[in-house]
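Okay, structure first, notes after.
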Amino acid sequence: MSQTATLPIAFDDDAPPALRVRGYWSTVGYRLRHDPVTLCFGAIVLLIVLIAIFAPLLAPFDPYKESVILRLKPFGYRGHPLGTDELGRDLLSRLIYGGRSSLLMGLIPVCIATALGGTLGVIGGFAGRRVNAVIMRTMDVFYAFPSVLLAVAISGAMGGGMANGMAALALVFIPAMCRVAETATAQVRSLDFIEAARATGAGTFTIVRYHVLGNVLGPVFIYASSLVSVSILLASGLSFLGLGVKPPTPDWGLMLSTLRQSIYIVPLSCALPGAAIFVTSICFNLVSDGIRAAMDVRL
Amino acid sequence: MSDVAADTRDIGGPAQPLLIARDLAKHFHVRGAGRSARVRAVDGVSFTLFKGETLGIVGESGCGKSTLARLLLHLLERDAGELIFDGEPVGAPRGITVAALRRHVQMVFQDSYSSLNPRMPVQDSVAFGPFVHGRNKPDARRVARDMLVKVGLNPDLFGPRYPHELSGGQKQRVNIARALAIEPRMVILDEAVSALDKSVEAQVLNLLRALKQQFNLTYLFISHDLNVVRYVSDRVLVMYLGCVVELGPSEDIFIRPLHPYTRALLGSRPSMDPANRIEEPPITGDPPSPIDPPGGCRFHTRCPFAEAVCEQRSPALGAWLERESHVAACHMLDRGSGHSRAAQ
């Protein structure tokens with residue numbers, strides 16, 4: 001250290017920096033705290049999740065209790081704030097309970113697909129050549145089918161039920177997820193800092209862990225969040241075909257499809273599950289976009 | 001540390017060259033151009049790098065300078081040839097491993113931005129090397145901060161910043177710190193100052209010179225800027241189409257170049273005197289494609305003195321003048337070659 005004083009070069013950039021330098025997480029926290037849109041929609045997401053978790057405490061009625069005389073009643077009828085559905089069940093209770101399966105069907109397949117597809121994509125993108133060709137051509141086979149058809153075919157082959165529906169959706173999302181991760185990885189791989197890291201003597205795993213993942217996570221994260229709403233919608237499609245959530249389990253997608261037949265009798269009630277899906281997916285998208293922006297060091 | 005003899009890593013002794021390259025070759029297959037199509041990016045390059053010197057490598061774009069640098073670090077697998085680092089063959093059963101070589105040889109790249117991870121604070125980029133070599137994270141961070149100080153960056157101000165928040169010169173200083181953080185003995189500077197402003201370039205060159213003394217380094221300095229090469233190098237190697245055409249002490253090369261290609265390169269430098277304009281470029285056209293390099297002397301297609309012999313035989317690299325250290329590959333220097341100017 002003593003020798004540095006004798007360096008014959010003077011650099012004039014020791015002046016105080018224009019920006020205050022803070023740590024990474026405090027920067028992220030600071031940005032999130034000053035982002036009202038993300039905060040607001042984050043609160044809504046939190047609310048939706050809490051409602052789903054505490055459904056038994058919040059629901060005014062038993063969501064499974066049917067009544068022949070109370071079928072398709074309008075808002076506010078006899079203590080049913082949102083009316084009843086085609087089997088006379090309380091719509092508000094069913095919406096509250098429906099959030100449970102819808103959120104699960106939205107999040108779990110995306111998480112599985114992100115883990116598996118993302119891993120495959122990073123492996124393919126970083127290994128390149130033959131490994132990449134094998135992985136990506138396999139994914140292309142899945143790509144050849146329309147996603148809804150593929151989901152229907154897989155869950156049809158495996159039988160209905162929530163778990164099989166989730167597995168089917170995960171399989172549908174894996175190729176797209178893999179493609180996003182592969183592209184991002186391949187872009188990073190050719191940059192000099194990867195070569196510099198190799199020149200330092202780092203192994204492949206260390207390079208991927210410290211230099212690739214951070215650069216791949218952003219695009220993967222934003223894509224995954226956009227898939228959540230797609231997943232909720234596809235799950236409802238599966239439920240509609242009798243392949244996902246089975247009636248009488250409350251599920252927004254399933255409710256949307258069964259209430260569809262009553263659209264001329266109680267049009268507002270029909271729109272409610274759709275509105276729930278819409279609000280949830282919009283909020284997920286906006287929140288994930290806000291988080292991604294807050295975590296992007298280049299902004 | 002500043003005393004050569006005190007460096008415990010110096011196993012070969014001061015007389016043992018730090019790096020000997022023998023007939024290094026790298027041929028790239030060209031996709032979709034038939035089985036035989038190969039780019040001969042580096043084709044039989046031999047040189048010796050002595051301890052503590054700076055060897056400049058010059059040549060046109062595409063002559064194989066960067067490929068050569070990557071071969072030396074084993075970032076590319078060589079197709080033929082031999083590398084001997086401080087007396088030990090690299091990658092051979094009885095020599096040192098590539099991993100060990102990378103402890104001793106580091107590289108600074110031209111593009112200062114893309115050679116730093118954009119999502120990592122620069123101090124972590126610098127700390128990565130020591131971390132990979134077994135230091136724990138706080139320790140590696142400490143080394144990184146010390147290194148930042150040595151390249152003239154205040155670690156408190158610049159350490160936590162990201163590459164996009166630094167200027168080109170600052171980034172390149174971070175890259176130098178990154179390369180030096182694992183205490184290499186040799187640094188390959190691949191166009192390391194070429195992308196910088198002239199004033200910043202001068203600063204960084206002076207920094208490199210100071211660091212060289214302080215850490216007892218050996219430099220391999222690759223550049224297309226002849227003036228810079230002359231300023232920093234002890235010896236200069238001139239490459240053309242993947243081959244060495246001339247190698248000698250810096251002043252010899254610049255004052256008395258032997259090879260017509262070297263003369264053409266030197267002649268193409270813009271003069272500082274506006275009255276002394278270059279009327280005609282001393283060398284015209286592009287170098288021939290390295291996919292199918294010309295037979296004989298590779299330079300004969302552009303050489304103003306080319307004769308029949310130049311197309312038929314490739315000249316050997318030899319010391320034709322009284323100075324053993326200055327070698328060139330040209331038939332005009334070899335009396336027995338049959339070139340009409342060879343007798344002069």
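Here, A, B, ... name the chains of the structure tokens in the order displayed, residue numbers run from 1 inside each chain, and ligands are numbered from 1 in the same displayed order.
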Using DSSP secondary structure from the backbone, list all strand (DSSP E or B) positions within range 172-306 of chain B, as a PyMOL selection string.
chain B and resi 186-190+218-222+235-240+243-249
Using the selection just defined, write its residues with C-alpha atoms as a short mmCIF file (atom, residue, chain, number, x, y, z; two decimals), in the first residue's frame.
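Contents of the output file selection_21.cif:
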```cif
data_model
loop_
_atom_site.label_atom_id
_atom_site.label_comp_id
_atom_site.auth_asym_id
_atom_site.auth_seq_id
_atom_site.Cartn_x
_atom_site.Cartn_y
_atom_site.Cartn_z
CA MET B 186 2.53 -12.21 -17.00
CA VAL B 187 -0.26 -10.06 -18.37
CA ILE B 188 -1.53 -10.16 -21.93
CA LEU B 189 -2.85 -6.74 -22.91
CA ASP B 190 -5.03 -7.37 -25.94
CA THR B 218 6.03 -9.37 -17.96
CA TYR B 219 3.76 -7.89 -20.59
CA LEU B 220 2.59 -9.14 -23.93
CA PHE B 221 1.26 -5.98 -25.48
CA ILE B 222 -0.99 -6.44 -28.50
CA ARG B 235 10.82 -5.94 -28.38
CA VAL B 236 8.28 -6.04 -31.17
CA LEU B 237 6.82 -8.95 -33.08
CA VAL B 238 5.18 -8.21 -36.43
CA MET B 239 2.48 -10.60 -37.58
CA TYR B 240 0.99 -11.03 -41.01
CA CYS B 243 2.71 -15.81 -39.25
CA VAL B 244 5.60 -13.93 -37.71
CA VAL B 245 7.31 -11.81 -40.34
CA GLU B 246 9.70 -9.87 -38.14
CA LEU B 247 10.78 -9.86 -34.53
CA GLY B 248 13.37 -7.67 -32.93
CA PRO B 249 14.24 -4.99 -30.40
#
```
Show me, as CSV, the residues of chain B having an atom within 8 Å of chain A, each with the closest atom pair and its distance in Å, using only C-alpha atoms.
```
residue,atom,partner,partner_atom,distance
B:Leu73,CA,A:Ala199,CA,6.7
B:Leu75,CA,A:Ala199,CA,6.8
B:Ala99,CA,A:Gly201,CA,5.6
B:Arg102,CA,A:Gly201,CA,5.7
B:Arg103,CA,A:Thr200,CA,6.9
B:Gln106,CA,A:Ala199,CA,6.5
B:Met107,CA,A:Ala196,CA,7.1
B:Val108,CA,A:Ala196,CA,7.9
B:Phe109,CA,A:Asp192,CA,7.2
B:Asp111,CA,A:Asp192,CA,7.6
B:Ser114,CA,A:Asp192,CA,5.4
B:Ser115,CA,A:Phe193,CA,3.8
B:Leu116,CA,A:Phe193,CA,5.0
B:Asn117,CA,A:Phe193,CA,5.9
B:Pro118,CA,A:Arg298,CA,7.5
B:Arg119,CA,A:Val297,CA,6.2
B:Phe128,CA,A:Ala197,CA,7.8
B:Gly129,CA,A:Thr200,CA,5.5
B:Val132,CA,A:Ala202,CA,5.8
B:His133,CA,A:Gly201,CA,7.8
B:Asp146,CA,A:Met1,CA,7.3
B:Val149,CA,A:Thr4,CA,7.2
B:Lys150,CA,A:Thr4,CA,5.7
B:Gly152,CA,A:Phe11,CA,6.5
B:Leu153,CA,A:Asp14,CA,7.2
B:Asn154,CA,A:Asp14,CA,6.5
B:Leu157,CA,A:Pro17,CA,6.9
B:Pro160,CA,A:Val21,CA,6.6
B:Arg161,CA,A:Val21,CA,6.9
B:Tyr162,CA,A:Val297,CA,7.3
B:His164,CA,A:Arg298,CA,6.8
B:Ala179,CA,A:Thr200,CA,7.9
B:Ile182,CA,A:Thr200,CA,7.9
B:Gln203,CA,A:Ile9,CA,6.7
B:Asn206,CA,A:Ile9,CA,6.7
B:Leu207,CA,A:Ile9,CA,6.4
B:Ala210,CA,A:Leu7,CA,6.6
B:Gln214,CA,A:Gln3,CA,7.9
```
Could you state the separation of CA of Ser288 in chain A and CA of Leu46 in chain A in Å, given to one decimal place?
13.0 Å
Residues near Val151 in chain B, anyone? I mean within 8 Å using only C-alpha atoms, not counting same-chain ones fewer than 5 positions away, as JSON, numbers by chain.
{"B": [173, 174, 176, 177, 207]}
Considering only C-alpha atoms, return as a PyMOL selection string whatever protein or nucleic-acid residues lie within 10 Å of Leu24 in chain B, sequence-local ones (same chain, fewer than 4 positions apart) excluded.
chain B and resi 42-47+68+71-72+78-83+242-243
For the structure I just gave you, how does DSSP split range 109-318 of chain B - specifically, which residues are helix (DSSP H, G or I)? Reply as number ranges by chain.
B: 122-132, 137-150, 155-158, 163-165, 168-180, 198-215, 226-232, 250-255, 260-267, 308-312
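Residue neighbourhood of Gly62 in chain B, excluding near-sequence residues (fewer than 4 positions): Ala41, Ser66, Tyr240, Leu241, Gly242, Pro287 and Pro290 of chain B, at 9 Å, using only C-alpha atoms.
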Students should find that CA of Arg185 in chain B and CA of Gly56 in chain B are spaced 16.7 Å
Atomic distance CA of Leu171 in chain A - CA of Leu150 in chain A, expressed in Å with one decimal:
8.6 Å
If we count only C-alpha atoms, what is near Phe126 in chain A at a cut-off of 8 Å, once residues fewer than 5 positions away on the same chain are taken out, given as number ranges by chain?
A: 182, 185-186, 189
For the selection just defined, write its residues with N, CA and C atoms to a file, as a tab-separated table (two decimals), in the first residue's frame.
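out_13.tsv written:
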```tsv
chain	number	residue	atom	x	y	z
A	182	GLU	N	-32.30	-19.78	-22.55
A	182	GLU	CA	-31.21	-20.14	-23.47
A	182	GLU	C	-30.72	-18.91	-24.22
A	185	THR	N	-28.76	-16.66	-21.88
A	185	THR	CA	-27.46	-17.25	-21.55
A	185	THR	C	-26.49	-17.14	-22.72
A	186	ALA	N	-27.01	-17.46	-23.92
A	186	ALA	CA	-26.12	-17.44	-25.09
A	186	ALA	C	-25.60	-16.02	-25.33
A	189	ARG	N	-22.87	-15.46	-22.74
A	189	ARG	CA	-21.73	-16.37	-22.86
A	189	ARG	C	-20.65	-15.82	-23.78
```
Quick one: everything within 12 Å of Val152 in chain A, counting only C-alpha atoms, minus sequence neighbours fewer than 3 positions away in the same chain. Send it as a PyMOL selection string.
chain A and resi 145-149+155-160+164-169+171-172+234-244
Of the candidates B:Gly52, B:Arg141, B:Ser337, B:Ala127, which one gets nearest to Phe215 in chain B if we count only C-alpha atoms?
B:Gly52
Pick from A:Cys40, A:Leu103, A:Val28, A:Ile69: nearest to Cys283 in chain A, with only C-alpha atoms counted?
A:Cys40
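Across A:Leu107, A:Ile112, A:Ile123, A:Met177, the tightest approach to Leu233 in chain A is made by A:Leu107 when counting only C-alpha atoms.
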